[in-house]
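Chemist: Supplied structure: data_6.cif, mmCIF, C-alpha atoms.
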data_run
#
loop_
_atom_site.group_PDB
_atom_site.id
_atom_site.type_symbol
_atom_site.label_atom_id
_atom_site.label_comp_id
_atom_site.auth_asym_id
_atom_site.auth_seq_id
_atom_site.Cartn_x
_atom_site.Cartn_y
_atom_site.Cartn_z
ATOM 1 C CA MET J 264 -21.882 0.168 59.798
ATOM 2 C CA ALA J 265 -18.385 -0.228 58.379
ATOM 3 C CA LYS J 266 -15.359 0.133 60.641
ATOM 4 C CA PRO J 267 -13.851 3.643 60.391
ATOM 5 C CA THR J 268 -10.330 4.446 59.277
ATOM 6 C CA THR J 269 -8.666 6.928 61.654
ATOM 7 C CA TRP J 270 -5.582 9.107 61.631
ATOM 8 C CA THR J 271 -4.003 11.373 64.236
ATOM 9 C CA VAL J 272 -2.535 14.516 62.666
ATOM 10 C CA GLN J 273 -0.735 17.624 63.917
ATOM 11 C CA VAL J 274 -1.719 21.084 62.625
ATOM 12 C CA ASP J 275 -0.005 24.154 64.086
ATOM 13 C CA GLY J 276 0.998 22.228 67.199
ATOM 14 C CA LYS J 277 -2.529 20.885 67.839
ATOM 15 C CA THR J 278 -3.448 17.215 67.640
ATOM 16 C CA HIS J 279 -6.562 16.307 65.644
ATOM 17 C CA LYS J 280 -8.283 12.985 65.032
ATOM 18 C CA VAL J 281 -9.563 12.400 61.487
ATOM 19 C CA GLU J 282 -12.060 9.600 60.884
ATOM 20 C CA VAL J 283 -13.591 8.332 57.659
ATOM 21 C CA ARG J 284 -16.497 5.923 57.888
ATOM 22 C CA ARG J 285 -18.421 4.267 55.061
ATOM 23 C CA LYS J 286 -22.191 4.126 55.203
ATOM 24 C CA PRO J 287 -22.705 1.328 52.672
ATOM 25 C CA TRP J 288 -26.504 1.398 52.668
ATOM 26 C CA LEU J 289 -26.357 5.037 51.545
ATOM 27 C CA ALA J 290 -23.267 4.648 49.283
ATOM 28 C CA ILE J 291 -21.634 7.576 51.065
ATOM 29 C CA ALA J 292 -18.781 8.175 53.474
ATOM 30 C CA GLU J 293 -18.482 10.782 56.208
ATOM 31 C CA VAL J 294 -15.403 12.665 57.331
ATOM 32 C CA LYS J 295 -15.118 13.606 61.003
ATOM 33 C CA VAL J 296 -12.503 15.810 62.616
ATOM 34 C CA ASP J 297 -12.324 15.659 66.410
ATOM 35 C CA GLY J 298 -15.693 13.893 66.507
ATOM 36 C CA GLN J 299 -17.551 16.473 64.389
ATOM 37 C CA VAL J 300 -18.847 15.575 60.924
ATOM 38 C CA ILE J 301 -17.310 18.060 58.497
ATOM 39 C CA SER J 302 -18.368 16.545 55.168
ATOM 40 C CA TYR J 303 -19.906 13.677 53.251
ATOM 41 C CA PHE J 304 -18.986 12.315 49.845
ATOM 42 C CA THR J 305 -20.316 9.649 47.499
ATOM 43 C CA ALA J 306 -17.640 7.061 48.114
ATOM 44 C CA LYS J 307 -18.859 4.401 45.706
ATOM 45 C CA ALA J 308 -19.299 6.714 42.722
ATOM 46 C CA MET J 309 -15.936 8.355 43.421
ATOM 47 C CA SER J 310 -14.175 4.984 43.531
ATOM 48 C CA ILE J 311 -15.093 4.160 39.928
ATOM 49 C CA THR J 312 -12.030 5.033 37.907
ATOM 50 C CA LEU J 313 -9.636 3.409 35.480
ATOM 51 C CA PHE J 314 -6.465 5.424 35.888
ATOM 52 C CA ASN J 315 -6.629 7.961 38.734
ATOM 53 C CA TYR J 316 -7.773 7.711 42.312
ATOM 54 C CA ARG J 317 -10.470 10.196 43.285
ATOM 55 C CA GLN J 318 -9.851 12.678 46.074
ATOM 56 C CA HIS J 319 -12.042 14.510 48.562
ATOM 57 C CA PRO J 320 -10.285 17.622 49.959
ATOM 58 C CA PHE J 321 -11.048 19.141 53.370
ATOM 59 C CA GLU J 322 -9.462 21.700 55.661
ATOM 60 C CA ILE J 323 -8.286 21.650 59.269
ATOM 61 C CA ASP J 324 -7.277 25.060 60.667
ATOM 62 C CA GLY J 325 -6.152 26.342 57.257
ATOM 63 C CA THR J 326 -4.279 23.170 56.241
ATOM 64 C CA TRP J 327 -5.691 21.175 53.318
ATOM 65 C CA PHE J 328 -5.843 17.385 53.458
ATOM 66 C CA SER J 329 -7.347 14.927 50.975
ATOM 67 C CA ILE J 330 -9.094 11.613 51.401
ATOM 68 C CA VAL J 331 -8.027 9.379 48.503
ATOM 69 C CA ILE J 332 -10.611 6.776 47.491
ATOM 70 C CA LYS J 333 -8.869 3.594 46.270
ATOM 71 C CA PRO J 334 -10.970 0.761 44.813
ATOM 72 C CA ASN J 335 -10.075 -2.867 45.434
ATOM 73 C CA PHE J 336 -11.743 -6.203 44.683
ATOM 74 C CA ILE J 337 -14.299 -6.072 47.502
ATOM 75 C CA GLY J 338 -14.969 -2.330 47.707
ATOM 76 C CA TYR J 339 -12.585 0.487 48.403
ATOM 77 C CA LYS J 340 -10.276 1.877 51.065
ATOM 78 C CA PHE J 341 -9.238 5.358 52.068
ATOM 79 C CA ASP J 342 -5.857 7.070 52.371
ATOM 80 C CA LEU J 343 -5.258 10.458 53.962
ATOM 81 C CA THR J 344 -2.756 12.754 52.248
ATOM 82 C CA LEU J 345 -1.106 16.059 53.075
ATOM 83 C CA ASP J 346 0.760 17.776 50.228
ATOM 84 C CA GLY J 347 0.634 14.525 48.240
ATOM 85 C CA GLU J 348 2.229 12.448 51.029
ATOM 86 C CA VAL J 349 0.245 9.539 52.455
ATOM 87 C CA ILE J 350 -0.250 9.646 56.231
ATOM 88 C CA SER J 351 -0.252 6.280 58.001
ATOM 89 C CA PRO J 352 -3.543 5.378 59.673
ATOM 90 C CA ASP J 353 -3.752 4.721 63.398
ATOM 91 C CA ALA J 354 -3.276 1.072 64.382
#
Would you kindly transcribe this structure into structure tokens?
Modeler:
Amino acid sequence: MAKPTTWTVQVDGKTHKVEVRRKPWLAIAEVKVDGQVISYFTAKAMSITLFNYRQHPFEIDGTWFSIVIKPNFIGYKFDLTLDGEVISPDA
């Protein structure tokens, strides 16, 4: 299984851990918030684009975030955005 990308975010004074993990054999990715799977999306199909990056929106306690799927030469990577601003992943 691919290594997950994780972020720690604050929503209304609460800390949440967001994790996105690719499942290459299924061509999907899963989004977890605080260890609970909240959604899946077809990562490979969503990465195919010429001009725009694809986005997968999700909500945490009434605040909308988006996973941005960005293709590169060997696959794709994920960014997390809030109001269009990229959030740095955890180290």
Chemist: Do you know which residues are at most 12 Å from J:Pro320 counting only C-alpha atoms, after dropping those on the same chain fewer than 3 positions away, and could you put them as a PyMOL selection string?
Modeler: chain J and resi 294+301-304+317+323+326-332+342-347
Chemist: Ranking J:Val274, J:Pro267, J:Val349, J:Lys340 by minimum distance to J:Gly325 and counting all atoms listed in the file, which one comes first?
Modeler: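 Using all atoms listed in the file, the shortest distance to J:Gly325 belongs to J:Val274.
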Chemist: Atom CA of J:Ile291 and atom CA of J:Lys266 are how many Å apart?
Modeler: 13.7 Å
Chemist: Could you state the separation of atom CA of J:Trp270 and atom CA of J:Glu282 in Å, given to one decimal place?
Modeler: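 One can read the atom CA of J:Trp270 to atom CA of J:Glu282 distance as 6.5 Å.
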Chemist: Using Å and a single decimal, report how far atom CA of J:Pro287 sits from atom CA of J:Asp324.
Modeler: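 Going from atom CA of J:Asp324 over to atom CA of J:Pro287 covers 29.4 Å.
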